file start-v7.txt (compact mmCIF, C-alpha atoms)
# COMPACT_ATOMS: atom_id res chain seq x y z
CA MET A 1 -7.00 8.97 27.97
CA ARG A 2 -9.96 10.61 26.29
CA ASN A 3 -13.34 10.59 28.04
CA ILE A 4 -15.44 9.41 25.12
CA THR A 5 -18.60 7.48 25.98
CA LYS A 6 -19.85 4.98 23.45
CA THR A 7 -23.45 3.75 23.31
CA GLY A 8 -24.33 0.14 22.77
CA LEU A 9 -27.82 -0.64 21.56
CA ILE A 10 -29.67 -3.67 22.87
CA LEU A 11 -31.89 -4.83 20.08
CA PHE A 12 -34.59 -6.25 22.31
CA LEU A 13 -37.22 -8.11 20.34
CA ILE A 14 -40.93 -8.11 21.06
CA SER A 15 -43.10 -11.08 20.02
CA VAL A 16 -46.22 -11.10 17.88
CA ALA A 17 -48.09 -12.33 20.92
CA PHE A 18 -47.03 -9.30 22.94
CA GLY A 19 -47.98 -7.03 20.06
CA ALA A 20 -51.42 -8.61 19.97
CA LEU A 21 -51.68 -8.14 23.72
CA ALA A 22 -50.98 -4.43 23.46
CA LEU A 23 -53.62 -3.99 20.77
CA PHE A 24 -56.23 -5.97 22.68
CA ALA A 25 -55.75 -4.19 25.94
CA GLY A 26 -55.60 -0.80 24.22
CA CYS A 27 -58.89 -1.28 22.34
CA SER A 28 -61.27 -2.44 25.08
CA GLY A 29 -59.79 -1.28 28.34
CA GLU A 30 -62.00 -4.00 29.93
CA ILE A 31 -59.34 -6.61 30.57
CA GLY A 32 -56.02 -6.30 32.34
CA VAL A 33 -52.65 -7.49 31.14
CA ASP A 34 -52.36 -10.28 33.69
CA GLU A 35 -55.87 -11.54 32.92
CA PHE A 36 -55.21 -11.53 29.20
CA LEU A 37 -51.93 -13.40 29.61
CA ALA A 38 -53.56 -15.97 31.88
CA GLY A 39 -56.29 -16.57 29.34
CA LYS A 40 -53.70 -17.21 26.64
CA ASP A 41 -51.60 -19.41 28.93
CA ALA A 42 -48.82 -16.90 28.27
CA ARG A 43 -45.65 -17.06 30.33
CA ASN A 44 -42.76 -14.76 30.98
CA GLN A 45 -39.37 -15.41 29.47
CA ILE A 46 -36.69 -13.38 31.24
CA VAL A 47 -33.43 -11.94 29.95
CA THR A 48 -31.17 -10.26 32.50
CA TYR A 49 -28.65 -7.77 31.14
CA TYR A 50 -25.57 -6.93 33.21
CA SER A 51 -23.72 -3.74 32.33
CA ASN A 52 -20.33 -5.17 33.46
CA GLY A 53 -19.03 -1.91 34.87
CA GLY A 54 -21.16 0.40 32.76
CA PHE A 55 -24.65 1.80 33.24
CA PHE A 56 -28.06 1.59 31.62
CA ASP A 57 -29.72 4.98 31.17
CA GLY A 58 -26.86 6.48 33.18
CA THR A 59 -27.85 4.89 36.49
CA ARG A 60 -28.68 1.17 36.53
CA SER A 61 -26.14 -1.63 36.30
CA VAL A 62 -28.74 -4.37 35.70
CA VAL A 63 -31.78 -4.47 33.43
CA VAL A 64 -34.32 -7.31 33.46
CA LYS A 65 -36.65 -7.74 30.48
CA ASP A 66 -39.73 -9.95 30.32
CA ILE A 67 -40.73 -11.52 27.04
CA HIS A 68 -44.32 -12.78 26.88
CA TYR A 69 -44.96 -15.89 24.84
CA VAL A 70 -47.66 -18.49 24.40
CA ALA A 71 -46.85 -21.95 25.75
CA ASP A 72 -45.00 -24.31 23.39
CA SER A 73 -44.09 -21.46 21.06
CA TYR A 74 -40.98 -19.48 20.23
CA VAL A 75 -41.17 -15.75 20.38
CA ILE A 76 -37.87 -14.27 19.25
CA GLY A 77 -37.61 -14.23 15.47
CA ASP A 78 -41.05 -12.81 14.66
CA PHE A 79 -40.61 -9.13 15.40
CA ASP A 80 -43.17 -6.35 15.47
CA GLU A 81 -41.09 -3.82 17.39
CA VAL A 82 -37.54 -3.08 18.41
CA GLN A 83 -36.86 -1.39 21.75
CA ASN A 84 -33.54 0.40 22.22
CA VAL A 85 -31.89 0.50 25.64
CA SER A 86 -28.62 2.43 25.99
CA VAL A 87 -25.65 1.07 27.89
CA ALA A 88 -22.36 2.93 28.25
CA LYS A 89 -19.03 2.85 30.03
CA ASP A 90 -16.54 5.68 30.24
CA ASP A 91 -13.40 5.27 28.10
CA ASN A 92 -14.82 2.14 26.45
CA SER A 93 -16.68 1.12 23.32
CA PHE A 94 -19.52 -1.39 23.46
CA GLY A 95 -18.33 -4.78 22.16
CA GLY A 96 -21.56 -6.79 22.12
CA TRP A 97 -23.47 -9.11 24.46
CA TYR A 98 -22.08 -12.37 25.83
CA PHE A 99 -23.50 -15.10 28.03
CA VAL A 100 -22.74 -15.28 31.73
CA LYS A 101 -21.86 -18.71 33.14
CA THR A 102 -24.84 -20.26 34.92
CA ALA A 103 -25.45 -23.14 37.33
CA ASP A 104 -28.90 -24.41 38.38
CA GLY A 105 -30.41 -21.61 36.34
CA LYS A 106 -28.56 -18.89 38.22
CA PRO A 107 -25.54 -16.75 37.30
CA VAL A 108 -22.25 -17.94 38.73
CA THR A 109 -20.11 -15.41 40.60
CA THR A 110 -16.41 -15.51 41.40
CA ASP A 111 -17.00 -15.26 45.14
CA GLY A 112 -20.17 -17.34 45.41
CA LYS A 113 -22.16 -14.30 46.54
CA GLU A 114 -24.83 -12.19 44.90
CA VAL A 115 -23.90 -10.21 41.84
CA ASP A 116 -22.32 -6.97 43.05
CA SER A 117 -23.40 -3.51 42.04
CA THR A 118 -20.90 -3.23 39.20
CA CYS A 119 -21.35 -6.85 38.03
CA SER A 120 -17.59 -7.29 38.40
CA ASN A 121 -17.85 -10.67 40.16
CA LEU A 122 -19.68 -12.45 37.35
CA VAL A 123 -18.06 -15.50 35.75
CA LYS A 124 -18.11 -14.57 32.10
CA THR A 125 -18.02 -16.79 29.01
CA ASP A 126 -16.72 -15.98 25.54
CA THR A 127 -19.99 -17.06 23.91
CA PRO A 128 -21.69 -14.15 22.08
CA VAL A 129 -25.46 -13.76 22.26
CA ASP A 130 -27.26 -14.27 18.96
CA PHE A 131 -30.61 -12.52 19.32
CA SER A 132 -31.87 -14.06 16.10
CA VAL A 133 -31.95 -17.45 17.86
CA LYS A 134 -35.36 -18.14 19.40
CA ILE A 135 -35.55 -18.47 23.18
CA LYS A 136 -37.32 -21.59 24.34
CA GLN A 137 -39.80 -21.95 27.19
CA ASP A 138 -38.45 -21.84 30.72
CA GLU A 139 -35.09 -20.43 29.64
CA HIS A 140 -33.58 -17.48 31.44
CA TRP A 141 -30.77 -15.77 29.66
CA TYR A 142 -28.10 -13.97 31.67
CA VAL A 143 -25.93 -11.79 29.47
CA TYR A 144 -23.21 -9.21 30.04
CA ALA A 145 -21.91 -6.25 28.06
CA ASP A 146 -18.44 -6.65 26.63
CA TRP A 147 -16.27 -3.56 26.51
CA ILE A 148 -13.35 -2.60 24.31
CA PRO A 149 -11.08 -0.02 25.98
CA ASP A 150 -11.30 3.27 24.13
CA VAL A 151 -7.72 3.05 22.87
CA LYS A 152 -6.61 4.64 19.62
CA VAL A 153 -3.32 4.51 17.77
CA ASP A 154 -1.57 7.87 18.01
CA VAL A 155 -0.09 9.03 14.71
CA VAL A 156 3.04 11.11 15.35
CA LEU A 157 4.56 13.42 12.76
CA VAL A 158 8.12 12.88 11.50
CA THR A 159 9.48 15.28 8.89
CA ASP A 160 12.65 14.37 7.04
CA ASP A 161 14.29 17.70 7.86
CA GLU A 162 12.69 18.01 11.34
CA GLY A 163 10.97 21.18 10.14
CA ASP A 164 7.45 22.45 10.85
CA MET A 165 4.70 21.23 8.53
CA LEU A 166 1.91 23.50 7.31
CA GLY A 167 -1.39 21.67 6.87
CA GLU A 168 -3.86 22.54 4.15
CA ASN A 169 -6.19 23.50 7.00
CA GLY A 170 -3.80 26.34 7.83
CA LYS A 171 -2.54 24.72 11.04
CA THR A 172 1.17 24.35 11.72
CA TYR A 173 2.36 20.97 13.01
CA LYS A 174 5.73 20.50 14.68
CA ASN A 175 7.92 17.45 14.27
CA GLY A 176 6.79 15.02 17.01
CA ASP A 177 3.18 16.29 17.24
CA ILE A 178 0.26 13.85 17.32
CA ILE A 179 -1.51 14.68 14.06
CA ALA A 180 -4.17 11.93 13.84
CA HIS A 181 -5.50 8.70 15.34
CA LYS A 182 -6.28 5.24 13.99
CA SER A 183 -9.29 3.53 15.58
CA PHE A 184 -9.48 -0.05 16.82
CA ARG A 185 -12.37 -2.15 15.62
CA GLN A 186 -12.97 -5.39 17.48
CA GLY A 187 -9.48 -5.28 18.93
CA VAL A 188 -7.58 -4.45 15.73
CA ALA A 189 -6.55 -1.15 14.16
CA TYR A 190 -6.17 -1.59 10.42
CA ILE A 191 -3.44 0.55 8.90
CA ASP A 192 -3.73 1.73 5.33
CA LEU A 193 -1.95 4.39 3.30
CA SER A 194 -4.54 7.10 3.78
CA ILE A 195 -2.97 10.52 4.32
CA PRO A 196 -3.42 11.59 7.96
CA VAL A 197 -2.93 15.31 7.24
CA LYS A 198 -2.56 16.95 3.84
CA SER A 199 0.19 19.48 3.73
CA SER A 200 1.14 22.36 1.45
CA ASN A 201 4.89 21.96 1.98
CA TYR A 202 5.44 18.25 2.78
CA SER A 203 4.30 14.95 1.27
CA PHE A 204 3.21 11.90 3.27
CA THR A 205 5.18 8.72 2.53
CA GLN A 206 4.09 5.89 4.88
CA TYR A 207 3.87 4.73 8.51
CA PHE A 208 6.74 3.37 10.58
CA GLU A 209 7.08 1.59 13.91
CA GLU A 210 9.72 3.95 15.28
CA LYS A 211 10.58 7.61 14.92
CA GLU A 212 13.78 6.70 13.05
CA CYS A 213 11.46 5.39 10.31
CA ILE A 214 13.22 2.07 9.70
CA ASN A 215 10.51 -0.61 9.92
CA PRO A 216 7.26 0.07 8.05
CA VAL A 217 3.96 -0.64 9.77
CA LEU A 218 2.29 -3.59 8.04
CA ASN A 219 -1.49 -3.98 7.77
CA SER A 220 -2.70 -3.86 11.39
CA ILE A 221 -1.95 -3.29 15.07
CA SER A 222 -3.41 -5.45 17.87
CA MET A 223 -5.12 -3.90 20.86
CA PRO A 224 -2.65 -3.63 23.77
CA GLU A 225 -3.48 -5.62 26.87
CA GLY A 226 -4.38 -4.23 30.27
CA GLU A 227 -7.28 -2.54 32.04
CA LYS A 228 -6.39 0.94 30.78
CA PRO A 229 -3.60 0.54 28.20
CA ASP A 230 -1.73 3.48 26.74
CA ASN A 231 -2.34 4.42 23.16
CA PRO A 232 0.07 2.65 20.78
CA VAL A 233 2.16 5.01 18.64
CA ILE A 234 3.09 4.90 14.97
CA TYR A 235 5.06 7.48 13.00
CA ALA A 236 3.92 9.18 9.81
CA LYS A 237 6.91 10.20 7.73
CA TYR A 238 6.65 13.29 5.53
CA ILE A 239 9.29 14.53 3.12
CA LYS A 240 9.88 18.13 2.13
CA GLY A 241 8.32 19.22 -1.16
CA ASP A 242 5.58 18.15 -3.51
CA TRP A 243 6.10 14.45 -4.30
CA GLU A 244 4.03 11.83 -6.05
CA MET A 245 4.14 8.46 -4.30
CA VAL A 246 4.85 5.30 -6.31
CA ARG A 247 3.29 2.42 -4.37
CA ASP A 248 2.59 -0.27 -6.98
CA SER A 249 3.13 -1.22 -10.61
CA SER A 250 0.52 1.26 -11.86
CA GLY A 251 2.45 3.98 -10.03
CA VAL A 252 5.62 2.78 -11.77
CA ARG A 253 3.86 3.22 -15.11
CA ARG A 254 2.87 6.80 -14.22
CA MET A 255 6.42 7.52 -13.14
CA LEU A 256 8.01 6.15 -16.31
CA ASN A 257 5.56 8.12 -18.44
CA GLY A 258 6.10 11.30 -16.42
CA LEU A 259 9.86 11.56 -16.11
CA SER A 260 9.98 14.80 -18.11
CA SER A 261 9.28 16.57 -14.82
CA GLY A 262 8.04 16.06 -11.28
CA ASN A 263 9.18 14.41 -8.07
CA TRP A 264 8.67 10.67 -7.57
CA TYR A 265 9.10 8.74 -4.32
CA ILE A 266 8.77 4.95 -4.09
CA CYS A 267 7.23 3.42 -0.96
CA ASN A 268 4.43 0.97 -0.19
CA MET A 269 4.74 -0.48 3.37
CA SER A 270 6.45 -3.60 2.02
CA GLU A 271 9.04 -5.61 3.93
CA SER A 272 10.64 -6.87 0.72
CA LYS A 273 10.79 -3.37 -0.80
CA THR A 274 10.08 -4.88 -4.21
CA ILE A 275 7.50 -3.97 -6.85
CA ASP A 276 6.77 -6.55 -9.55
CA CYS A 277 6.13 -4.80 -12.87
CA SER A 278 5.58 -7.87 -15.07
CA SER A 279 1.98 -6.88 -15.81
CA LEU A 280 2.76 -3.47 -17.30
CA LYS A 281 3.43 -4.41 -20.96
CA LEU A 282 5.20 -1.17 -21.93
CA ASN A 283 5.49 -0.13 -25.58
CA ALA A 284 7.42 3.16 -25.80
CA LEU A 285 11.01 4.21 -25.15
CA ARG A 286 12.06 7.79 -24.50
CA ARG A 287 13.69 10.32 -26.81
CA ASP A 288 13.35 13.39 -24.60
CA GLU A 289 15.26 14.64 -21.60
CA VAL A 290 14.60 13.41 -18.06
CA ARG A 291 14.23 16.35 -15.70
CA ALA A 292 12.49 14.55 -12.83
CA ARG A 293 13.71 13.56 -9.36
CA VAL A 294 13.33 9.89 -8.49
CA GLU A 295 13.92 8.75 -4.91
CA GLY A 296 13.95 4.96 -5.00
CA ASN A 297 14.05 4.61 -1.20
CA GLY A 298 15.93 1.32 -1.55
CA TYR A 299 13.23 -0.37 -3.64
CA THR A 300 13.69 -2.83 -6.50
CA LEU A 301 11.54 -2.62 -9.64
CA LYS A 302 11.41 -6.12 -11.13
CA ASN A 303 10.46 -7.54 -14.51
CA LEU A 304 10.04 -4.38 -16.56
CA SER A 305 9.47 -5.44 -20.15
CA TYR A 306 9.26 -3.23 -23.28
CA THR A 307 8.09 -4.32 -26.73
CA ILE A 308 8.78 -1.65 -29.39
CA VAL A 309 7.56 -1.87 -32.98
CA ASN A 310 8.48 0.09 -36.09
CA THR A 311 5.48 2.44 -35.86
CA ALA A 312 6.71 3.72 -32.46
CA ILE A 313 10.09 4.80 -33.88
CA GLN A 314 11.08 7.93 -35.76
CA GLN A 315 13.89 7.99 -38.29
CA ASP A 316 17.20 9.18 -36.76
CA GLY A 317 15.77 9.09 -33.24
CA ARG A 318 17.80 8.32 -30.11
CA TYR A 319 15.90 5.87 -27.92
CA SER A 320 16.48 4.41 -24.49
CA LEU A 321 14.69 3.67 -21.25
CA PHE A 322 15.50 7.11 -19.78
CA GLY A 323 16.27 9.20 -22.85
CA THR A 324 18.89 11.70 -21.69
CA PHE A 325 19.46 12.55 -18.03
CA GLY A 326 19.08 16.30 -17.82
CA ALA A 327 21.21 18.69 -15.77
CA LYS A 328 18.61 18.85 -12.98
CA SER A 329 17.63 15.21 -13.00
CA VAL A 330 18.14 13.09 -9.87
CA MET A 331 17.86 9.32 -9.49
CA ARG A 332 18.86 7.70 -6.22
CA ASN A 333 18.71 4.44 -4.26
CA ILE A 334 16.89 2.24 -6.75
CA THR A 335 17.50 -1.13 -8.42
CA PHE A 336 16.09 -2.36 -11.72
CA GLU A 337 16.10 -6.14 -12.03
CA ASN A 338 15.20 -8.35 -15.02
CA LEU A 339 14.78 -5.48 -17.46
CA SER A 340 14.24 -6.34 -21.12
CA VAL A 341 13.67 -4.23 -24.22
CA SER A 342 12.70 -5.82 -27.54
CA VAL A 343 12.79 -3.64 -30.67
CA THR A 344 11.61 -4.53 -34.18
CA THR A 345 12.32 -1.84 -36.76
CA ALA A 346 13.51 -1.15 -40.30
CA LYS A 347 14.26 2.52 -39.58
CA GLU A 348 17.68 4.00 -39.04
CA ALA A 349 17.89 5.02 -35.36
CA SER A 350 20.01 4.80 -32.22
CA PHE A 351 19.13 2.37 -29.44
CA TYR A 352 20.66 2.43 -25.98
CA LEU A 353 19.24 0.23 -23.31
CA LEU A 354 19.43 2.61 -20.35
CA ALA A 355 20.25 6.18 -21.37
CA ALA A 356 21.23 8.00 -24.55
CA GLY A 357 23.30 10.51 -22.62
CA ALA A 358 23.63 12.65 -19.51
CA SER A 359 24.17 16.35 -18.98
CA ASP A 360 26.59 17.84 -16.49
CA GLY A 361 24.77 18.26 -13.22
CA ALA A 362 22.74 15.05 -13.47
CA VAL A 363 22.80 13.12 -10.19
CA LEU A 364 22.92 9.32 -10.28
CA GLU A 365 23.51 7.79 -6.85
CA ASN A 366 23.23 4.13 -5.94
CA VAL A 367 21.35 3.20 -9.14
CA THR A 368 21.77 -0.47 -10.08
CA PHE A 369 20.70 -2.49 -13.12
CA ASN A 370 20.84 -6.30 -12.86
CA ASN A 371 20.12 -8.85 -15.58
CA VAL A 372 19.24 -6.48 -18.41
CA GLN A 373 18.80 -7.22 -22.11
CA LEU A 374 18.36 -5.31 -25.34
CA SER A 375 17.10 -7.34 -28.31
CA VAL A 376 16.94 -5.70 -31.75
CA THR A 377 15.49 -7.28 -34.85
CA THR A 378 16.31 -5.05 -37.81
CA ALA A 379 17.58 -4.70 -41.34
CA ALA A 380 18.40 -1.03 -40.85
CA ASN A 381 21.41 0.87 -39.61
CA ILE A 382 21.61 1.03 -35.79
CA VAL A 383 23.59 4.24 -35.57
CA ASN A 384 25.42 3.60 -32.30
CA ILE A 385 25.92 -0.15 -32.81
CA GLY A 386 26.48 -0.74 -36.52
CA LYS A 387 24.65 -2.16 -39.50
CA GLU A 388 24.00 -5.41 -41.23
CA GLY A 389 27.07 -7.04 -42.69
CA GLU A 390 29.47 -5.24 -40.36
CA GLU A 391 30.84 -6.09 -36.94
CA TYR A 392 28.67 -4.50 -34.28
CA ASN A 393 30.02 -2.04 -31.73
CA THR A 394 29.16 -3.69 -28.43
CA GLN A 395 30.85 -1.00 -26.32
CA ASN A 396 28.15 1.61 -26.80
CA TRP A 397 24.70 0.06 -26.43
CA LEU A 398 23.94 0.50 -22.72
CA LEU A 399 24.71 4.18 -22.20
CA GLY A 400 25.50 6.86 -24.76
CA GLY A 401 26.76 10.37 -25.15
CA VAL A 402 29.57 10.35 -22.55
CA GLY A 403 33.03 9.51 -23.88
CA GLY A 404 31.61 7.31 -26.62
CA THR A 405 31.58 4.05 -24.63
CA ASP A 406 29.62 2.45 -21.81
CA GLU A 407 32.76 2.30 -19.66
CA ALA A 408 33.32 6.04 -20.04
CA PHE A 409 29.77 6.75 -18.93
CA LEU A 410 30.15 4.52 -15.86
CA GLU A 411 33.48 6.08 -14.97
CA LYS A 412 31.91 9.54 -14.91
CA TYR A 413 28.74 8.53 -13.07
CA THR A 414 30.15 6.23 -10.42
CA GLY A 415 26.80 5.98 -8.64
CA LEU A 416 25.43 3.86 -11.49
CA THR A 417 26.16 0.13 -11.75
CA VAL A 418 25.24 -2.34 -14.50
CA GLY A 419 25.48 -6.08 -14.03
CA SER A 420 24.94 -9.07 -16.34
CA GLY A 421 23.72 -7.27 -19.45
CA LYS A 422 23.10 -8.90 -22.82
CA LEU A 423 22.77 -7.46 -26.33
CA SER A 424 20.99 -9.58 -28.95
CA ILE A 425 20.84 -8.52 -32.62
CA THR A 426 18.88 -10.45 -35.24
CA SER A 427 19.28 -9.63 -38.91
CA ASN A 428 18.20 -11.79 -41.89
CA GLY A 429 17.31 -14.56 -39.49
CA VAL A 430 20.77 -14.65 -37.91
CA THR A 431 21.10 -13.74 -34.23
CA LYS A 432 24.28 -12.54 -32.57
CA GLU A 433 24.52 -12.18 -28.81
CA TYR A 434 26.99 -10.17 -26.74
CA SER A 435 27.28 -10.36 -22.97
CA TYR A 436 28.19 -7.53 -20.67
CA PRO A 437 29.98 -8.69 -17.50
CA ASN A 438 29.29 -7.37 -14.04
CA VAL A 439 30.83 -3.93 -13.48

call {"tool": "encode", "arguments": {"input": "start-v7.txt", "output": "structure tokens"}}
result
Amino acid sequence: MRNITKTGLILFLISVAFGALALFAGCSGEIGVDEFLAGKDARNQIVTYYSNGGFFDGTRSVVVKDIHYVADSYVIGDFDEVQNVSVAKDDNSFGGWYFVKTADGKPVTTDGKEVDSTCSNLVKTDTPVDFSVKIKQDEHWYVYADWIPDVKVDVVLVTDDEGDMLGENGKTYKNGDIIAHKSFRQGVAYIDLSIPVKSSNYSFTQYFEEKECINPVLNSISMPEGEKPDNPVIYAKYIKGDWEMVRDSSGVRRMLNGLSSGNWYICNMSESKTIDCSSLKLNALRRDEVRARVEGNGYTLKNLSYTIVNTAIQQDGRYSLFGTFGAKSVMRNITFENLSVSVTTAKEASFYLLAAGASDGAVLENVTFNNVQLSVTTAANIVNIGKEGEEYNTQNWLLGGVGGTDEAFLEKYTGLTVGSGKLSITSNGVTKEYSYPNV
């Protein structure tokens, strides 16, 4: 446990009447405080502060403050000064002031005796003190300091290859080291996706509940119970290399636009492991080669929708969602669901829904497409499918360049699966639809 002492500030409020008193006495020197107060029929309002195991000014466990006010008036609320009094307790953070239970105007104790030196026998309430509320005549407030144990969430490093991680600060961190802490505020530690330590050879993914990195940490962690609880532990997973994290639909857009190169890793502390992309409104297919690595991490990208017009198409181009998978491209552990591409063109071109080809060496592992559709409205020749007035080739519209048919592509790249696809072609106002069964 760390020995960090926190300081709580009592915002003790001084009345206008007391301010006037100080000025009067300071100017003349001919009248004492008691005499002045008696002449104004001023009375003392008392607030007793109990440190509840801590100390004021390092020594006292109780502080009593007198507030001077004129009869039938309220004094707190009209402030001329603020006086700060420090209260602290080892291994704790100040959590505010609360009322002590009283009976017959006196504080109630658990043993019926006087308040002990550490104030530990007070009967406490859960009612916080609001110092903006005016204290009435003849009231005596008894309040105690609330303390939050100085507990932090330990962030433990997990590297995917169990190797040492070099931080940008030049420090080397070993797998299993505590690399950061998350603070509790009012009993809750809020967990976000901020990077605990930036590294030159690893990339931070997200936080997990266990070192096996199975269950992501979601949103917050509650303060553990007990007098001196141990620090809770979460695990920060890092993966080898320089990766860009895809955490939401805007990240999906960056990934789809940047597949010519780079490393992309999908994660966002989501139990469902799903990213809804319905808001993206994409308007360009690919003609170039994909050379990127995409680690889907078991996520599903839903509701990707493309609308392609004639001005976005070049004559004799080969278009698809992923262009051509290059020899060094990698795509793993990802599902695309409810994917639709709508093309309107009068130019002669090739249109494949998913890929126009793949080079030897491309890695496609556990990549799934469910409920996909290509809709083409055209009067031109669709090179890979056919042209107006002829029967369309419906065996070569999903994946091209390998064996001449979709089945040949899927036989070669067994890590890729397509289910429930549909091709729709509209020409001269007539629409023909072709279904692709689950593979």

call {"tool": "residues_near_point", "arguments": {"input": "start-v7.txt", "point": "(4.1, 4.5, -27.9)", "cutoff": "12 Å", "atoms": "only C-alpha atoms", "output": "list in words"}}
result
Asn257, Lys281, Leu282, Asn283, Ala284, Leu285, Arg286, Arg287, Tyr306, Thr307, Ile308, Val309, Asn310, Thr311, Ala312, Ile313, Gln314 and Tyr319 of chain A

call {"tool": "atom_distance", "arguments": {"input": "start-v7.txt", "atom1": "atom CA of A:Tyr144", "atom2": "atom CA of A:Trp97"}}
result
5.6 Å

call {"tool": "closest_residue", "arguments": {"input": "start-v7.txt", "among": "A:Glu139, A:Glu289, A:Pro128, A:Asn366", "to": "A:Lys106", "atoms": "all atoms listed in the file"}}
result
A:Glu139

call {"tool": "residues_around", "arguments": {"input": "start-v7.txt", "residues": "A:Asp57", "least_positions_apart": "4", "cutoff": "10 Å", "atoms": "only C-alpha atoms", "output": "PyMOL selection string"}}
result
chain A and resi 61+63+85-88

call {"tool": "residues_around", "arguments": {"input": "start-v7.txt", "residues": "stretch 265-278 of chain A", "least_positions_apart": "6", "cutoff": "9 Å", "atoms": "all atoms listed in the file", "output": "VMD selection string"}}
result
chain A and resid 192 to 193 205 to 208 215 to 219 243 to 253 293 to 305 334

call {"tool": "closest_residue", "arguments": {"input": "start-v7.txt", "among": "A:Val62, A:Val418, A:Leu321, A:Ile214", "to": "A:Phe369", "atoms": "only C-alpha atoms"}}
result
A:Val418

call {"tool": "closest_residue", "arguments": {"input": "start-v7.txt", "among": "A:Ala362, A:Leu157, A:Val188, A:Ile46", "to": "A:Asn175", "atoms": "only C-alpha atoms"}}
result
A:Leu157

call {"tool": "decode", "arguments": {"input": "start-v7.txt", "residues": "stretch 349-402 of chain A", "atoms": "C-alpha atoms", "output": "mmCIF file, in the first residue's frame"}}
result
data_model
loop_
_atom_site.group_PDB
_atom_site.id
_atom_site.type_symbol
_atom_site.label_atom_id
_atom_site.label_comp_id
_atom_site.auth_asym_id
_atom_site.auth_seq_id
_atom_site.Cartn_x
_atom_site.Cartn_y
_atom_site.Cartn_z
ATOM 1 C CA ALA A 349 -15.818 -2.602 -66.251
ATOM 2 C CA SER A 350 -15.523 -5.646 -64.010
ATOM 3 C CA PHE A 351 -17.400 -5.828 -60.709
ATOM 4 C CA TYR A 352 -16.761 -8.421 -58.025
ATOM 5 C CA LEU A 353 -18.412 -8.047 -54.690
ATOM 6 C CA LEU A 354 -15.543 -9.119 -52.430
ATOM 7 C CA ALA A 355 -12.240 -9.423 -54.284
ATOM 8 C CA ALA A 356 -11.034 -9.225 -57.869
ATOM 9 C CA GLY A 357 -8.279 -11.726 -57.213
ATOM 10 C CA ALA A 358 -5.624 -12.999 -54.824
ATOM 11 C CA SER A 359 -1.898 -13.542 -55.162
ATOM 12 C CA ASP A 360 -0.049 -16.602 -53.929
ATOM 13 C CA GLY A 361 0.987 -15.950 -50.365
ATOM 14 C CA ALA A 362 -2.160 -14.068 -49.358
ATOM 15 C CA VAL A 363 -3.475 -15.284 -45.997
ATOM 16 C CA LEU A 364 -7.239 -15.503 -45.453
ATOM 17 C CA GLU A 365 -8.145 -17.255 -42.200
ATOM 18 C CA ASN A 366 -11.577 -17.427 -40.614
ATOM 19 C CA VAL A 367 -13.014 -14.632 -42.788
ATOM 20 C CA THR A 368 -16.794 -14.845 -43.154
ATOM 21 C CA PHE A 369 -19.305 -12.899 -45.259
ATOM 22 C CA ASN A 370 -23.003 -13.260 -44.390
ATOM 23 C CA ASN A 371 -25.983 -11.769 -46.223
ATOM 24 C CA VAL A 372 -24.134 -9.912 -48.972
ATOM 25 C CA GLN A 373 -25.516 -8.299 -52.113
ATOM 26 C CA LEU A 374 -24.198 -6.743 -55.297
ATOM 27 C CA SER A 375 -26.697 -4.645 -57.270
ATOM 28 C CA VAL A 376 -25.691 -3.294 -60.694
ATOM 29 C CA THR A 377 -27.767 -0.954 -62.812
ATOM 30 C CA THR A 378 -26.115 -0.666 -66.217
ATOM 31 C CA ALA A 379 -26.439 -0.681 -69.973
ATOM 32 C CA ALA A 380 -22.759 -1.484 -70.436
ATOM 33 C CA ASN A 381 -20.743 -4.664 -70.632
ATOM 34 C CA ILE A 382 -19.906 -6.114 -67.186
ATOM 35 C CA VAL A 383 -16.761 -7.936 -68.204
ATOM 36 C CA ASN A 384 -16.854 -10.764 -65.674
ATOM 37 C CA ILE A 385 -20.645 -11.209 -65.647
ATOM 38 C CA GLY A 386 -21.907 -10.519 -69.169
ATOM 39 C CA LYS A 387 -23.786 -7.866 -71.065
ATOM 40 C CA GLU A 388 -27.275 -6.791 -71.877
ATOM 41 C CA GLY A 389 -29.214 -9.265 -73.966
ATOM 42 C CA GLU A 390 -27.092 -12.237 -72.924
ATOM 43 C CA GLU A 391 -27.349 -14.692 -70.063
ATOM 44 C CA TYR A 392 -25.251 -13.462 -67.158
ATOM 45 C CA ASN A 393 -22.416 -15.495 -65.678
ATOM 46 C CA THR A 394 -23.422 -15.839 -62.040
ATOM 47 C CA GLN A 395 -20.448 -18.034 -61.128
ATOM 48 C CA ASN A 396 -17.895 -15.236 -61.136
ATOM 49 C CA TRP A 397 -19.275 -12.163 -59.372
ATOM 50 C CA LEU A 398 -18.154 -12.657 -55.760
ATOM 51 C CA LEU A 399 -14.462 -13.426 -56.177
ATOM 52 C CA GLY A 400 -12.302 -13.227 -59.290
ATOM 53 C CA GLY A 401 -8.949 -14.155 -60.684
ATOM 54 C CA VAL A 402 -8.572 -17.666 -59.206
#
